[in-house]
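Text of the file coords-v2.pdb, holding PDB, C-alpha atoms:
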```
ATOM      1  CA  MET A   1     -10.335 -18.852  -2.936  1.00  0.00           C
ATOM      2  CA  THR A   2     -13.155 -16.800  -1.474  1.00  0.00           C
ATOM      3  CA  ASP A   3     -13.273 -13.852   0.890  1.00  0.00           C
ATOM      4  CA  SER A   4     -15.514 -11.007   1.908  1.00  0.00           C
ATOM      5  CA  LEU A   5     -14.790  -7.605   0.425  1.00  0.00           C
ATOM      6  CA  ALA A   6     -13.262  -5.544   3.209  1.00  0.00           C
ATOM      7  CA  GLY A   7     -15.239  -2.480   4.199  1.00  0.00           C
ATOM      8  CA  ARG A   8     -18.456  -3.640   2.548  1.00  0.00           C
ATOM      9  CA  GLY A   9     -21.689  -4.648   4.187  1.00  0.00           C
ATOM     10  CA  GLY A  10     -23.106  -8.151   4.179  1.00  0.00           C
ATOM     11  CA  GLY A  11     -23.749  -9.820   0.878  1.00  0.00           C
ATOM     12  CA  TRP A  12     -20.448  -8.787  -0.763  1.00  0.00           C
ATOM     13  CA  TYR A  13     -18.138 -11.517  -1.995  1.00  0.00           C
ATOM     14  CA  ARG A  14     -14.840 -11.770  -3.822  1.00  0.00           C
ATOM     15  CA  PHE A  15     -14.024 -15.062  -5.520  1.00  0.00           C
ATOM     16  CA  ARG A  16     -10.762 -15.987  -7.226  1.00  0.00           C
ATOM     17  CA  ASP A  17     -10.318 -19.218  -9.122  1.00  0.00           C
ATOM     18  CA  THR A  18      -7.671 -20.626 -11.444  1.00  0.00           C
ATOM     19  CA  TRP A  19      -8.514 -23.129 -14.149  1.00  0.00           C
ATOM     20  CA  VAL A  20      -5.786 -24.894 -16.133  1.00  0.00           C
ATOM     21  CA  LEU A  21      -7.239 -26.121 -19.403  1.00  0.00           C
ATOM     22  CA  PRO A  22      -5.937 -28.489 -22.116  1.00  0.00           C
ATOM     23  CA  ALA A  23      -6.391 -26.116 -25.037  1.00  0.00           C
ATOM     24  CA  SER A  24      -4.879 -23.046 -26.667  1.00  0.00           C
ATOM     25  CA  PRO A  25      -5.702 -19.590 -25.320  1.00  0.00           C
ATOM     26  CA  LYS A  26      -7.748 -18.950 -28.489  1.00  0.00           C
ATOM     27  CA  ALA A  27      -9.875 -22.079 -27.945  1.00  0.00           C
ATOM     28  CA  VAL A  28     -10.416 -21.189 -24.271  1.00  0.00           C
ATOM     29  CA  PHE A  29     -11.208 -17.567 -25.133  1.00  0.00           C
ATOM     30  CA  ASP A  30     -13.741 -18.660 -27.763  1.00  0.00           C
ATOM     31  CA  ALA A  31     -15.436 -21.012 -25.281  1.00  0.00           C
ATOM     32  CA  VAL A  32     -15.529 -18.435 -22.478  1.00  0.00           C
ATOM     33  CA  VAL A  33     -17.147 -15.720 -24.606  1.00  0.00           C
ATOM     34  CA  ASP A  34     -19.718 -18.135 -26.128  1.00  0.00           C
ATOM     35  CA  LEU A  35     -22.277 -17.834 -23.330  1.00  0.00           C
ATOM     36  CA  ALA A  36     -24.961 -19.653 -25.325  1.00  0.00           C
ATOM     37  CA  ALA A  37     -22.860 -22.843 -25.153  1.00  0.00           C
ATOM     38  CA  TYR A  38     -22.398 -22.790 -21.354  1.00  0.00           C
ATOM     39  CA  PRO A  39     -25.256 -25.251 -20.675  1.00  0.00           C
ATOM     40  CA  LEU A  40     -23.456 -27.764 -22.949  1.00  0.00           C
ATOM     41  CA  TRP A  41     -20.502 -28.003 -20.577  1.00  0.00           C
ATOM     42  CA  TRP A  42     -21.525 -26.428 -17.253  1.00  0.00           C
ATOM     43  CA  ARG A  43     -24.466 -28.286 -15.751  1.00  0.00           C
ATOM     44  CA  ASP A  44     -25.103 -25.532 -13.177  1.00  0.00           C
ATOM     45  CA  VAL A  45     -25.928 -23.093 -15.998  1.00  0.00           C
ATOM     46  CA  ARG A  46     -29.494 -24.171 -16.697  1.00  0.00           C
ATOM     47  CA  SER A  47     -30.334 -21.674 -19.445  1.00  0.00           C
ATOM     48  CA  VAL A  48     -28.969 -18.721 -21.386  1.00  0.00           C
ATOM     49  CA  SER A  49     -31.127 -16.138 -23.158  1.00  0.00           C
ATOM     50  CA  GLN A  50     -29.644 -13.482 -25.427  1.00  0.00           C
ATOM     51  CA  VAL A  51     -30.993 -10.047 -24.422  1.00  0.00           C
ATOM     52  CA  ASP A  52     -29.042  -7.983 -26.956  1.00  0.00           C
ATOM     53  CA  GLU A  53     -25.695  -8.104 -28.753  1.00  0.00           C
ATOM     54  CA  ASP A  54     -23.743  -7.462 -25.536  1.00  0.00           C
ATOM     55  CA  THR A  55     -26.058  -8.922 -22.875  1.00  0.00           C
ATOM     56  CA  ALA A  56     -27.233 -12.401 -21.946  1.00  0.00           C
ATOM     57  CA  GLU A  57     -29.335 -13.646 -19.042  1.00  0.00           C
ATOM     58  CA  LEU A  58     -28.208 -16.844 -17.324  1.00  0.00           C
ATOM     59  CA  VAL A  59     -30.160 -18.977 -14.884  1.00  0.00           C
ATOM     60  CA  CYS A  60     -27.849 -20.961 -12.613  1.00  0.00           C
ATOM     61  CA  ARG A  61     -28.654 -23.572 -10.035  1.00  0.00           C
ATOM     62  CA  SER A  62     -26.320 -25.878  -8.213  1.00  0.00           C
ATOM     63  CA  ARG A  63     -26.946 -28.041  -5.135  1.00  0.00           C
ATOM     64  CA  LEU A  64     -28.719 -25.470  -2.960  1.00  0.00           C
ATOM     65  CA  PRO A  65     -32.504 -25.122  -3.366  1.00  0.00           C
ATOM     66  CA  TYR A  66     -32.560 -21.819  -5.245  1.00  0.00           C
ATOM     67  CA  ALA A  67     -31.710 -20.515  -8.692  1.00  0.00           C
ATOM     68  CA  LEU A  68     -29.853 -17.321  -9.512  1.00  0.00           C
ATOM     69  CA  THR A  69     -30.806 -15.193 -12.497  1.00  0.00           C
ATOM     70  CA  VAL A  70     -27.933 -12.992 -13.628  1.00  0.00           C
ATOM     71  CA  ARG A  71     -27.533 -10.680 -16.592  1.00  0.00           C
ATOM     72  CA  MET A  72     -24.022 -10.539 -18.003  1.00  0.00           C
ATOM     73  CA  HIS A  73     -23.209  -7.409 -19.996  1.00  0.00           C
ATOM     74  CA  ARG A  74     -19.965  -7.403 -21.999  1.00  0.00           C
ATOM     75  CA  ASP A  75     -17.633  -4.747 -20.645  1.00  0.00           C
ATOM     76  CA  ARG A  76     -14.321  -5.875 -22.174  1.00  0.00           C
ATOM     77  CA  GLN A  77     -13.473  -8.595 -24.670  1.00  0.00           C
ATOM     78  CA  ASP A  78      -9.896  -8.524 -25.969  1.00  0.00           C
ATOM     79  CA  GLU A  79      -8.674 -11.800 -27.461  1.00  0.00           C
ATOM     80  CA  ARG A  80      -5.190 -10.467 -28.215  1.00  0.00           C
ATOM     81  CA  GLU A  81      -4.632  -9.527 -24.556  1.00  0.00           C
ATOM     82  CA  GLY A  82      -6.548 -12.552 -23.267  1.00  0.00           C
ATOM     83  CA  ARG A  83      -8.912 -10.428 -21.187  1.00  0.00           C
ATOM     84  CA  VAL A  84     -12.650 -10.580 -20.682  1.00  0.00           C
ATOM     85  CA  ARG A  85     -14.893  -8.750 -18.233  1.00  0.00           C
ATOM     86  CA  VAL A  86     -18.648  -8.574 -17.790  1.00  0.00           C
ATOM     87  CA  ARG A  87     -20.843  -6.489 -15.542  1.00  0.00           C
ATOM     88  CA  LEU A  88     -23.394  -8.489 -13.604  1.00  0.00           C
ATOM     89  CA  SER A  89     -26.894  -7.472 -12.586  1.00  0.00           C
ATOM     90  CA  GLY A  90     -29.898  -9.273 -11.193  1.00  0.00           C
ATOM     91  CA  ASP A  91     -29.554 -11.688  -8.263  1.00  0.00           C
ATOM     92  CA  LEU A  92     -25.813 -10.883  -8.241  1.00  0.00           C
ATOM     93  CA  GLU A  93     -24.447  -7.433  -9.037  1.00  0.00           C
ATOM     94  CA  GLY A  94     -20.842  -6.598  -9.709  1.00  0.00           C
ATOM     95  CA  MET A  95     -18.240  -7.864 -12.132  1.00  0.00           C
ATOM     96  CA  LEU A  96     -16.668 -11.049 -13.414  1.00  0.00           C
ATOM     97  CA  ALA A  97     -13.286 -10.960 -15.151  1.00  0.00           C
ATOM     98  CA  GLY A  98     -11.005 -13.493 -16.769  1.00  0.00           C
ATOM     99  CA  ALA A  99      -7.366 -13.377 -17.777  1.00  0.00           C
ATOM    100  CA  LEU A 100      -5.933 -16.096 -20.035  1.00  0.00           C
ATOM    101  CA  MET A 101      -2.267 -17.065 -20.232  1.00  0.00           C
ATOM    102  CA  ALA A 102      -0.567 -19.801 -22.234  1.00  0.00           C
ATOM    103  CA  VAL A 103       1.085 -22.422 -20.009  1.00  0.00           C
ATOM    104  CA  GLY A 104       2.897 -25.263 -21.738  1.00  0.00           C
ATOM    105  CA  THR A 105       0.460 -26.762 -24.250  1.00  0.00           C
ATOM    106  CA  GLY A 106      -2.579 -25.400 -22.402  1.00  0.00           C
ATOM    107  CA  THR A 107      -4.048 -22.263 -20.889  1.00  0.00           C
ATOM    108  CA  ARG A 108      -4.394 -20.873 -17.390  1.00  0.00           C
ATOM    109  CA  LEU A 109      -7.619 -18.934 -16.843  1.00  0.00           C
ATOM    110  CA  GLU A 110      -7.614 -16.638 -13.805  1.00  0.00           C
ATOM    111  CA  ILE A 111     -11.186 -15.782 -12.775  1.00  0.00           C
ATOM    112  CA  THR A 112     -12.064 -12.909 -10.448  1.00  0.00           C
ATOM    113  CA  GLN A 113     -15.576 -12.097  -9.276  1.00  0.00           C
ATOM    114  CA  GLU A 114     -16.612  -9.209  -7.055  1.00  0.00           C
ATOM    115  CA  VAL A 115     -20.319  -9.430  -6.420  1.00  0.00           C
ATOM    116  CA  GLU A 116     -23.062  -8.334  -4.115  1.00  0.00           C
ATOM    117  CA  ALA A 117     -25.849 -10.810  -3.517  1.00  0.00           C
ATOM    118  CA  ARG A 118     -29.100  -9.001  -4.329  1.00  0.00           C
ATOM    119  CA  LYS A 119     -31.475 -11.969  -4.099  1.00  0.00           C
ATOM    120  CA  PRO A 120     -33.450 -11.351  -0.859  1.00  0.00           C
ATOM    121  CA  LEU A 121     -32.984 -14.915   0.404  1.00  0.00           C
ATOM    122  CA  LEU A 122     -29.195 -14.703   0.033  1.00  0.00           C
ATOM    123  CA  ARG A 123     -29.055 -11.318   1.754  1.00  0.00           C
ATOM    124  CA  LYS A 124     -31.227 -12.533   4.606  1.00  0.00           C
ATOM    125  CA  LEU A 125     -29.138 -15.660   5.192  1.00  0.00           C
ATOM    126  CA  ASP A 126     -25.716 -14.114   4.495  1.00  0.00           C
ATOM    127  CA  ARG A 127     -24.583 -13.827   8.107  1.00  0.00           C
ATOM    128  CA  VAL A 128     -25.310 -17.464   9.015  1.00  0.00           C
ATOM    129  CA  ALA A 129     -25.007 -19.199   5.631  1.00  0.00           C
ATOM    130  CA  ARG A 130     -21.886 -17.494   4.229  1.00  0.00           C
ATOM    131  CA  PRO A 131     -19.724 -20.624   4.733  1.00  0.00           C
ATOM    132  CA  ILE A 132     -22.330 -22.726   2.903  1.00  0.00           C
ATOM    133  CA  PHE A 133     -22.506 -20.185   0.063  1.00  0.00           C
ATOM    134  CA  ARG A 134     -18.699 -20.271  -0.199  1.00  0.00           C
ATOM    135  CA  ILE A 135     -18.657 -24.077  -0.393  1.00  0.00           C
ATOM    136  CA  ASN A 136     -21.483 -24.064  -2.934  1.00  0.00           C
ATOM    137  CA  HIS A 137     -19.585 -21.568  -5.097  1.00  0.00           C
ATOM    138  CA  ALA A 138     -16.385 -23.649  -4.910  1.00  0.00           C
ATOM    139  CA  LEU A 139     -18.247 -26.809  -5.952  1.00  0.00           C
ATOM    140  CA  MET A 140     -19.988 -24.986  -8.806  1.00  0.00           C
ATOM    141  CA  MET A 141     -16.671 -23.645 -10.063  1.00  0.00           C
ATOM    142  CA  ARG A 142     -15.112 -27.125  -9.845  1.00  0.00           C
ATOM    143  CA  ARG A 143     -17.945 -28.520 -11.979  1.00  0.00           C
ATOM    144  CA  GLY A 144     -17.476 -25.652 -14.448  1.00  0.00           C
ATOM    145  CA  HIS A 145     -13.740 -26.298 -14.661  1.00  0.00           C
ATOM    146  CA  ASN A 146     -14.228 -30.029 -15.194  1.00  0.00           C
ATOM    147  CA  GLY A 147     -17.000 -29.406 -17.723  1.00  0.00           C
ATOM    148  CA  LEU A 148     -14.932 -26.958 -19.749  1.00  0.00           C
ATOM    149  CA  ARG A 149     -11.924 -29.314 -19.686  1.00  0.00           C
ATOM    150  CA  GLY A 150     -14.100 -32.066 -21.160  1.00  0.00           C
ATOM    151  CA  TYR A 151     -15.753 -29.724 -23.662  1.00  0.00           C
ATOM    152  CA  LEU A 152     -12.410 -28.424 -24.921  1.00  0.00           C
ATOM    153  CA  GLY A 153     -11.005 -31.954 -25.100  1.00  0.00           C
ATOM    154  CA  ALA A 154     -14.028 -33.129 -27.081  1.00  0.00           C
ATOM    155  CA  SER A 155     -13.783 -30.085 -29.364  1.00  0.00           C
ATOM    156  CA  ALA A 156     -10.150 -30.894 -30.168  1.00  0.00           C
ATOM    157  CA  GLY A 157     -10.921 -34.484 -31.161  1.00  0.00           C
TER     158      GLY A 157
END
```
Write-out of the structure in structure tokens:
Amino acid sequence: MTDSLAGRGGGWYRFRDTWVLPASPKAVFDAVVDLAAYPLWWRDVRSVSQVDEDTAELVCRSRLPYALTVRMHRDRQDEREGRVRVRLSGDLEGMLAGALMAVGTGTRLEITQEVEARKPLLRKLDRVARPIFRINHALMMRRGHNGLRGYLGASAG
């Protein structure tokens, strides 16, 4: 689900996604906080560079002809509560949060993003390309969900 943040100017987005995964909350939590491993299971994450103990820089590119460079800075990481949150800066600024809940033999991961596009191209095209950006985001998240499902399944075997 995607919508514009009410009361904000162009370039602001709110995304909400739910991933159901075939693994324990601990296994999902461990995978989600291991940013260095993202390129192993999420083909849109092209590279990850560790900046410091709490910050990594990711380069992402999906189907559209541009890459996004985003720094993720750990803001909250609580395995017991199943909560993670990072602050984002770079081509996207804002926050990304996850909440994990056990469901049956798996885990539901609720993902919330509130971001402002800072990349000049995205800001310039926001008014006319917003529907395309929304579709692109949905497809990228679907590939991430499918990739993590496979990664967790392979890890269990």
- [ ] Fewer than 4 positions away in the same chain doesn't count, so skip those; otherwise give me all residues within 9 Å of Gln113 in chain A, counting all atoms listed in the file, as an NGL selection string.
- [x] :A and (13-17 or 94-98)
Task: Atomic distance CA of Glu81 in chain A - CA of Val103 in chain A, expressed in Å with one decimal - done: 14.8 Å
- [ ] Compare A:Val48, A:Ser62, A:Thr107, A:Arg87 by their minimum atom-to-atom distance to Leu148 in chain A, counting only C-alpha atoms, and give me the closest one.
- [x]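 Checking each of A:Val48, A:Ser62, A:Thr107, A:Arg87 against Leu148 in chain A, counting only C-alpha atoms, the winner is A:Thr107.
With distances restricted to only C-alpha atoms, A:Val84 is the closest residue to Ala31 in chain A from A:Val84, A:Gly104, A:Arg130, A:Val115.
The nearest approach to Tyr66 in chain A among the residues A:Leu152, A:Val28, A:Leu121, A:Met141, with all atoms listed in the file taken into account, belongs to A:Leu121.
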Open item on the list: I'd like the interatomic distance between CA of Thr55 in chain A and CA of His73 in chain A, to a tenth of an Å.
Closed with: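 Pair CA of Thr55 in chain A / CA of His73 in chain A returns 4.3 Å.
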TODO: Using all atoms listed in the file, determine which residues lie at most 6 Å from range 10-12 of chain A, disregarding the query and same-chain residues fewer than 2 positions distant; provide the list as a list of chain:residue names.
DONE: A:Leu5, A:Val115, A:Glu116, A:Ala117, A:Arg123, A:Asp126
Put those residues in a file: C-alpha atoms, as a short mmCIF file (atom, residue, chain, number, x, y, z; two decimals), keeping the file's coordinate frame.
```cif
data_model
loop_
_atom_site.label_atom_id
_atom_site.label_comp_id
_atom_site.auth_asym_id
_atom_site.auth_seq_id
_atom_site.Cartn_x
_atom_site.Cartn_y
_atom_site.Cartn_z
CA LEU A 5 -14.79 -7.60 0.42
CA VAL A 115 -20.32 -9.43 -6.42
CA GLU A 116 -23.06 -8.33 -4.12
CA ALA A 117 -25.85 -10.81 -3.52
CA ARG A 123 -29.06 -11.32 1.75
CA ASP A 126 -25.72 -14.11 4.50
#
```
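One distance worth recording is that between CA of Trp41 in chain A and CA of Gly144 in chain A, which is 7.2 Å.
In this comparison, which uses all atoms listed in the file, the residue of A:Val86, A:Leu64, A:Val20, A:Ala56 approaching Asn136 in chain A most closely is A:Leu64.
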- [ ] Please provide the set of residues having any atom within 7 Å of Asp91 in chain A, restricted to all atoms listed in the file, with same-chain residues fewer than 4 positions apart removed, written as a PyMOL selection string.
- [x] chain A and resi 68-70+117-119
TODO: Return the single residue from A:Glu79, A:Glu93, A:Asp52, A:Glu57 that is closest to Ser24 in chain A, with distances computed using all atoms listed in the file.
DONE: A:Glu79
Task: Residues returned when the PyMOL selection byres ((chain A and resi 145) around 9) runs on this file, as a count of residues only - done: 15
Task: Nearest residue to Arg46 in chain A from the set A:Leu88, A:Ala138, A:Leu58, A:Ala27 (distances using all atoms listed in the file) - done: A:Leu58
Task: Selection under test: the PyMOL selection byres ((chain A and resi 83) around 10); residues as a count of residues only - done: 17
Open item on the list: On this structure, the PyMOL selection byres ((chain A and resi 60) around 6) would catch which residues? List them as a PyMOL selection string, sorted by chain and number.
Closed with: chain A and resi 44-46+59+61+67-68
Around all the atoms of range 129-133 of chain A listed in the file, draw an axis-aligned box and extend it by 8 Å on each of the six sides; I want its centre and edge lengths in Å to one decimal, as JSON.
```
{"center_x": -22.4, "center_y": -20.1, "center_z": 2.8, "size_x": 21.3, "size_y": 21.2, "size_z": 21.6}
```
